[in-house]
Amino acid sequence: MLRKYFYLYFILNVTFSSLAQTFEDALRYNSFMHEGSARYNSMGGAFGALGGDLSAISINPAGSSVFTNSKVGFNLNYKNLKIFNQLNNYKSSSKKDFYSYAGAGVVLVFENRRSKFSVAYNNHILRDFDSSFILSGKNNNGIDNYFLYYADGVPTEDLLIYDNETTQSVYSYLGENYGFADQQAFLGYQSYIINEGDDDFGKYVSNALYNNLDQNLDIFRTGNHFKHSINLGFSVNNHLFTGININMHELLFEETKTFEEFGYANNSNVQRVFLKEDLIAFGTGFSFQVGSIIKIKQLRVGLSYSTPTILNIEEETSQIIETDIIKKDGLTTYNIDPNTINIYEEYELKLPSKSLFSIAYIFGSRGLLSFDYEITKFNNAKFDDGNGNDSYLNSLNYSIKKNMAGNSESIRFGGEYRLKNLNLRAGYFYYKGPDIDLKNKISGVSAGVGINYGYVDLDLGIKKYNDFIKNKLYSRGLTDIYDVDKDLYSVYASISIKL
């Protein structure tokens, strides 16, 4: 076979593959919640018509021209995360603490008697991927169906290891020449989970027998989607405020997913399966925003529009599988470690635009109330190859149109009450996620306090919110849905200094 001459890649322990993107990528990278400073978070993020906060610049660019003084700020975050999982009525729970940098920014204000000009930079978290949980439950659907799905139609001779070949060289060859599906078929076949059928070419059967399996899923995720905004703002007569953002996006996502299955029938050839997968994704991109705030006495009205975000994403994966198999001479453990990093071709993902309407009322020096209403058409997300002729990408885009929300609405409400140099704050927020069927949503309440020392502001905010997601064990074959119900307590600390 030609593949026996395929040496370069397995010497380097790296193989380069195509077709990395999946429908799950469109779900994962659609960032639909906003993070920010302690003041911003403690008021539920309802700053579209207010401005005057560094984090507000990221949702309405006109917010920079509201500042009366130049300012620099820095934010930190602590998160306490409790996750409750459910698979087929079997419940599990996990707990984890995270500490992180939560953004920073600076605004420079230049003004005369009738107009004002501002230049600003803000670093804003669009999505925090930090999460960790262990799920346990019973299921009558096994991991063998995952491998059977990918093996269907793959010639058995492609899954064998011939003389002068290794597990690593064959796995790498399949990834380079045929892609992810053939690699999964190879792992399932070499670990004795599946075997070739008796009759049909490219048809496989399971070596596993079971009624009700024990399944454990351990997931650890970390990373962020950052937005770096370069801002220009302008105001006239302190009544009309406008601004524009040029946004650069930076994405890092890391996931370790470990799946273990046991509880097979006594006469099953397969007795245990352990599958570990690592994924690292790097992304960069850009978007633009325009916005305005109109001030009518104590009333403020804000409008902003964010263009679609164009992300270029690279992904790396690696896999290990281990099985306990009953053979004639007893129980044998097979460890299939390709020792290979799959580096996939860069792909482009377009995330949808967002439109924001905001209104706020200022009660003189005593306080304010603010409301934001945001619409996102998640089904406008799209994988792009430049010409629209790729059938695989077209099938993914069809799934996006069919399964993602056409009009996803989010609301944010907040208020602030001032007692001399002390500010008391509270807020509420609700975000509807991208997937129609899986019912992604985030809702919660917030509160906070701020102290003004003239040239220095110290702010502390806390958010309690629930993030509910329905997810699938695997995207193909073993597609049983489990619940991820997150209760989060986030504490934010910010300092801002007048320049």
# chains A, B, ... in the order shown; residues from 1 in each chain; ligands from 1
>>> residues_around(residues="Gly223 in chain A", least_positions_apart="5", cutoff="8 Å", atoms="only C-alpha atoms", output="NGL selection string")
:A and (128-130 or 251-254)
>>> write_last_selection(atoms="C-alpha atoms", output="short mmCIF file (atom, residue, chain, number, x, y, z; two decimals), in the first residue's frame")
data_model
loop_
_atom_site.label_atom_id
_atom_site.label_comp_id
_atom_site.auth_asym_id
_atom_site.auth_seq_id
_atom_site.Cartn_x
_atom_site.Cartn_y
_atom_site.Cartn_z
CA ASP A 128 -15.36 32.88 29.39
CA PHE A 129 -14.91 29.18 28.62
CA ASP A 130 -13.69 28.17 32.10
CA LEU A 251 -9.87 33.39 20.96
CA LEU A 252 -8.34 30.52 22.90
CA PHE A 253 -10.31 27.40 23.78
CA GLU A 254 -8.88 24.28 25.44
#
>>> select_by_dssp(residues="range 242-462 of chain A", states="strand (DSSP E)", output="number ranges by chain")
A: 242-262, 270-296, 299-306, 309-327, 330-336, 341-344, 347-351, 354-362, 367-376, 382-384, 408-419, 422-432, 441-452, 456-462
>>> select_by_dssp(residues="range 40-288 of chain A", states="alpha helix (DSSP H)", output="ChimeraX atom specification")
/A:40-42,144-151,167-177,180-190
>>> write_last_selection(atoms="N, CA and C atoms", output="mmCIF file, in the first residue's frame")
data_model
loop_
_atom_site.group_PDB
_atom_site.id
_atom_site.type_symbol
_atom_site.label_atom_id
_atom_site.label_comp_id
_atom_site.auth_asym_id
_atom_site.auth_seq_id
_atom_site.Cartn_x
_atom_site.Cartn_y
_atom_site.Cartn_z
ATOM 1 N N TYR A 40 -20.062 47.965 35.670
ATOM 2 C CA TYR A 40 -20.833 47.455 34.532
ATOM 3 C C TYR A 40 -21.600 46.190 34.920
ATOM 4 N N ASN A 41 -20.930 45.234 35.530
ATOM 5 C CA ASN A 41 -21.565 43.960 35.897
ATOM 6 C C ASN A 41 -22.596 44.122 37.006
ATOM 7 N N SER A 42 -22.341 44.995 37.980
ATOM 8 C CA SER A 42 -23.267 45.139 39.096
ATOM 9 C C SER A 42 -24.581 45.790 38.679
ATOM 10 N N ASP A 144 -20.047 2.285 21.292
ATOM 11 C CA ASP A 144 -19.875 1.519 20.058
ATOM 12 C C ASP A 144 -20.622 2.156 18.897
ATOM 13 N N ASN A 145 -21.751 2.811 19.173
ATOM 14 C CA ASN A 145 -22.531 3.459 18.116
ATOM 15 C C ASN A 145 -21.800 4.668 17.533
ATOM 16 N N TYR A 146 -20.977 5.312 18.353
ATOM 17 C CA TYR A 146 -20.128 6.402 17.860
ATOM 18 C C TYR A 146 -19.163 5.882 16.801
ATOM 19 N N PHE A 147 -18.500 4.781 17.093
ATOM 20 C CA PHE A 147 -17.520 4.236 16.152
ATOM 21 C C PHE A 147 -18.199 3.590 14.939
ATOM 22 N N LEU A 148 -19.359 2.964 15.144
ATOM 23 C CA LEU A 148 -20.092 2.389 14.012
ATOM 24 C C LEU A 148 -20.521 3.472 13.030
ATOM 25 N N TYR A 149 -20.913 4.622 13.544
ATOM 26 C CA TYR A 149 -21.329 5.720 12.671
ATOM 27 C C TYR A 149 -20.192 6.130 11.743
ATOM 28 N N TYR A 150 -19.003 6.337 12.306
ATOM 29 C CA TYR A 150 -17.876 6.818 11.495
ATOM 30 C C TYR A 150 -17.284 5.721 10.620
ATOM 31 N N ALA A 151 -17.425 4.459 11.030
ATOM 32 C CA ALA A 151 -16.822 3.364 10.259
ATOM 33 C C ALA A 151 -17.647 2.993 9.030
ATOM 34 N N THR A 167 0.761 1.947 14.698
ATOM 35 C CA THR A 167 -0.496 2.635 15.006
ATOM 36 C C THR A 167 -0.403 4.104 14.637
ATOM 37 N N GLN A 168 0.729 4.695 14.954
ATOM 38 C CA GLN A 168 0.918 6.119 14.693
ATOM 39 C C GLN A 168 0.913 6.431 13.198
ATOM 40 N N SER A 169 1.619 5.629 12.420
ATOM 41 C CA SER A 169 1.726 5.931 10.988
ATOM 42 C C SER A 169 0.393 5.762 10.269
ATOM 43 N N VAL A 170 -0.381 4.730 10.639
ATOM 44 C CA VAL A 170 -1.684 4.517 9.983
ATOM 45 C C VAL A 170 -2.670 5.607 10.388
ATOM 46 N N TYR A 171 -2.734 5.928 11.674
ATOM 47 C CA TYR A 171 -3.627 6.982 12.162
ATOM 48 C C TYR A 171 -3.306 8.305 11.466
ATOM 49 N N SER A 172 -2.019 8.627 11.342
ATOM 50 C CA SER A 172 -1.613 9.863 10.679
ATOM 51 C C SER A 172 -1.968 9.846 9.201
ATOM 52 N N TYR A 173 -1.736 8.720 8.560
ATOM 53 C CA TYR A 173 -2.043 8.593 7.133
ATOM 54 C C TYR A 173 -3.539 8.785 6.878
ATOM 55 N N LEU A 174 -4.367 8.164 7.708
ATOM 56 C CA LEU A 174 -5.813 8.294 7.531
ATOM 57 C C LEU A 174 -6.267 9.733 7.734
ATOM 58 N N GLY A 175 -5.704 10.405 8.743
ATOM 59 C CA GLY A 175 -6.082 11.792 8.976
ATOM 60 C C GLY A 175 -5.695 12.696 7.837
ATOM 61 N N GLU A 176 -4.500 12.486 7.297
ATOM 62 C CA GLU A 176 -4.010 13.327 6.210
ATOM 63 C C GLU A 176 -4.785 13.092 4.914
ATOM 64 N N ASN A 177 -5.147 11.857 4.640
ATOM 65 C CA ASN A 177 -5.737 11.537 3.341
ATOM 66 C C ASN A 177 -7.254 11.411 3.348
ATOM 67 N N PHE A 180 -11.076 12.967 9.718
ATOM 68 C CA PHE A 180 -11.444 12.607 11.085
ATOM 69 C C PHE A 180 -12.229 11.301 11.149
ATOM 70 N N ALA A 181 -13.186 11.099 10.253
ATOM 71 C CA ALA A 181 -14.075 9.928 10.315
ATOM 72 C C ALA A 181 -13.284 8.626 10.235
ATOM 73 N N ASP A 182 -12.340 8.546 9.314
ATOM 74 C CA ASP A 182 -11.558 7.326 9.166
ATOM 75 C C ASP A 182 -10.670 7.073 10.375
ATOM 76 N N GLN A 183 -10.196 8.139 11.005
ATOM 77 C CA GLN A 183 -9.405 7.971 12.226
ATOM 78 C C GLN A 183 -10.249 7.361 13.344
ATOM 79 N N GLN A 184 -11.510 7.787 13.462
ATOM 80 C CA GLN A 184 -12.381 7.228 14.495
ATOM 81 C C GLN A 184 -12.686 5.762 14.205
ATOM 82 N N ALA A 185 -12.911 5.443 12.941
ATOM 83 C CA ALA A 185 -13.140 4.055 12.554
ATOM 84 C C ALA A 185 -11.931 3.193 12.906
ATOM 85 N N PHE A 186 -10.739 3.728 12.674
ATOM 86 C CA PHE A 186 -9.492 3.011 12.982
ATOM 87 C C PHE A 186 -9.376 2.737 14.477
ATOM 88 N N LEU A 187 -9.672 3.753 15.318
ATOM 89 C CA LEU A 187 -9.588 3.568 16.770
ATOM 90 C C LEU A 187 -10.587 2.522 17.247
ATOM 91 N N GLY A 188 -11.809 2.581 16.735
ATOM 92 C CA GLY A 188 -12.822 1.612 17.136
ATOM 93 C C GLY A 188 -12.484 0.201 16.715
ATOM 94 N N TYR A 189 -11.879 0.055 15.531
ATOM 95 C CA TYR A 189 -11.541 -1.266 15.001
ATOM 96 C C TYR A 189 -10.333 -1.853 15.729
ATOM 97 N N GLN A 190 -9.288 -1.058 15.895
ATOM 98 C CA GLN A 190 -8.064 -1.546 16.522
ATOM 99 C C GLN A 190 -8.228 -1.810 18.017
#
>>> closest_atom_pairs(of="range 159-274 of chain A", to="range 85-108 of chain A", cutoff="12 Å", atoms="only C-alpha atoms", output="JSON lines")
{"residue": "A:Asn212", "atom": "CA", "partner": "A:Asn88", "partner_atom": "CA", "distance": 11.2}
{"residue": "A:Leu213", "atom": "CA", "partner": "A:Asn88", "partner_atom": "CA", "distance": 11.6}
{"residue": "A:Asp214", "atom": "CA", "partner": "A:Tyr90", "partner_atom": "CA", "distance": 10.6}
{"residue": "A:Gln215", "atom": "CA", "partner": "A:Leu87", "partner_atom": "CA", "distance": 9.4}
{"residue": "A:Asn216", "atom": "CA", "partner": "A:Ser92", "partner_atom": "CA", "distance": 10.1}
{"residue": "A:Leu217", "atom": "CA", "partner": "A:Leu87", "partner_atom": "CA", "distance": 10.4}
{"residue": "A:Asp218", "atom": "CA", "partner": "A:Ser94", "partner_atom": "CA", "distance": 10.3}
{"residue": "A:Ile219", "atom": "CA", "partner": "A:Ser94", "partner_atom": "CA", "distance": 10.8}
{"residue": "A:Phe220", "atom": "CA", "partner": "A:Lys96", "partner_atom": "CA", "distance": 10.4}
{"residue": "A:Arg221", "atom": "CA", "partner": "A:Phe98", "partner_atom": "CA", "distance": 11.5}
{"residue": "A:Thr222", "atom": "CA", "partner": "A:Phe98", "partner_atom": "CA", "distance": 9.8}
{"residue": "A:Gly223", "atom": "CA", "partner": "A:Ser100", "partner_atom": "CA", "distance": 10.2}
{"residue": "A:Asn224", "atom": "CA", "partner": "A:Ser100", "partner_atom": "CA", "distance": 10.1}
{"residue": "A:His225", "atom": "CA", "partner": "A:Ala102", "partner_atom": "CA", "distance": 11.4}
{"residue": "A:Phe226", "atom": "CA", "partner": "A:Gly103", "partner_atom": "CA", "distance": 8.6}
{"residue": "A:Lys227", "atom": "CA", "partner": "A:Gly103", "partner_atom": "CA", "distance": 9.5}
{"residue": "A:His228", "atom": "CA", "partner": "A:Gly105", "partner_atom": "CA", "distance": 9.3}
{"residue": "A:Ser229", "atom": "CA", "partner": "A:Gly105", "partner_atom": "CA", "distance": 9.1}
{"residue": "A:Ile230", "atom": "CA", "partner": "A:Gly105", "partner_atom": "CA", "distance": 10.0}
{"residue": "A:Asn231", "atom": "CA", "partner": "A:Val107", "partner_atom": "CA", "distance": 8.7}
{"residue": "A:Leu232", "atom": "CA", "partner": "A:Val107", "partner_atom": "CA", "distance": 9.6}
{"residue": "A:Gly233", "atom": "CA", "partner": "A:Val107", "partner_atom": "CA", "distance": 9.9}
{"residue": "A:Phe234", "atom": "CA", "partner": "A:Leu108", "partner_atom": "CA", "distance": 11.8}
>>> residues_around(residues="Arg300 in chain A", least_positions_apart="5", cutoff="8 Å", atoms="only C-alpha atoms", output="VMD selection string")
chain A and resid 49 to 50 293 to 295 359 to 362
>>> write_last_selection(atoms="N, CA and C atoms", output="compact mmCIF listing (two decimals), in the first residue's frame")
# COMPACT_ATOMS: atom_id res chain seq x y z
N ALA A 49 -27.13 53.12 26.84
CA ALA A 49 -27.51 54.54 26.73
C ALA A 49 -26.77 55.41 27.73
N LEU A 50 -25.88 54.82 28.53
CA LEU A 50 -25.20 55.56 29.58
C LEU A 50 -23.80 55.99 29.20
N ILE A 293 -25.67 58.05 21.13
CA ILE A 293 -26.48 58.31 22.32
C ILE A 293 -27.06 59.72 22.17
N ILE A 294 -28.36 59.83 22.34
CA ILE A 294 -29.03 61.12 22.29
C ILE A 294 -29.48 61.48 23.70
N LYS A 295 -29.13 62.68 24.10
CA LYS A 295 -29.45 63.14 25.45
C LYS A 295 -30.54 64.21 25.36
N ILE A 359 -32.26 52.62 26.65
CA ILE A 359 -32.88 53.84 27.18
C ILE A 359 -32.51 53.96 28.65
N ALA A 360 -32.26 55.19 29.09
CA ALA A 360 -31.88 55.43 30.49
C ALA A 360 -32.48 56.76 30.96
N TYR A 361 -32.71 56.82 32.25
CA TYR A 361 -33.22 58.06 32.84
C TYR A 361 -32.32 58.42 34.02
N ILE A 362 -31.88 59.69 34.04
CA ILE A 362 -30.97 60.18 35.07
C ILE A 362 -31.75 61.04 36.06
>>> atom_distance(atom1="CA of Tyr453 in chain A", atom2="CA of Ile57 in chain A")
23.1 Å
>>> residues_around(residues="Asp53 in chain A", least_positions_apart="2", cutoff="10 Å", atoms="only C-alpha atoms", output="PyMOL selection string")
chain A and resi 36-37+39-40+47+50-51+55-58+63-64+66-67+71+73+105+107+496
>>> write_last_selection(atoms="C-alpha atoms", output="PDB file, in the first residue's frame")
ATOM      1  CA  GLY A  36     -16.893  43.944  32.052  1.00  0.00           C
ATOM      2  CA  SER A  37     -15.966  46.187  34.960  1.00  0.00           C
ATOM      3  CA  ARG A  39     -19.718  48.799  37.897  1.00  0.00           C
ATOM      4  CA  TYR A  40     -20.833  47.455  34.532  1.00  0.00           C
ATOM      5  CA  PHE A  47     -24.958  50.617  29.744  1.00  0.00           C
ATOM      6  CA  LEU A  50     -25.204  55.558  29.581  1.00  0.00           C
ATOM      7  CA  GLY A  51     -21.578  55.354  28.531  1.00  0.00           C
ATOM      8  CA  SER A  55     -16.644  48.426  29.492  1.00  0.00           C
ATOM      9  CA  ALA A  56     -19.648  50.281  28.036  1.00  0.00           C
ATOM     10  CA  ILE A  57     -17.504  51.217  25.043  1.00  0.00           C
ATOM     11  CA  SER A  58     -17.651  47.594  23.885  1.00  0.00           C
ATOM     12  CA  GLY A  63     -19.974  55.652  25.360  1.00  0.00           C
ATOM     13  CA  SER A  64     -16.426  57.041  25.195  1.00  0.00           C
ATOM     14  CA  VAL A  66     -19.707  60.695  27.481  1.00  0.00           C
ATOM     15  CA  PHE A  67     -16.562  60.771  29.641  1.00  0.00           C
ATOM     16  CA  LYS A  71      -9.350  57.724  32.603  1.00  0.00           C
ATOM     17  CA  GLY A  73      -9.059  51.220  34.488  1.00  0.00           C
ATOM     18  CA  GLY A 105      -9.015  50.102  29.168  1.00  0.00           C
ATOM     19  CA  VAL A 107      -9.907  56.772  27.350  1.00  0.00           C
ATOM     20  CA  SER A 496     -10.166  53.472  37.611  1.00  0.00           C
TER      21      SER A 496
END
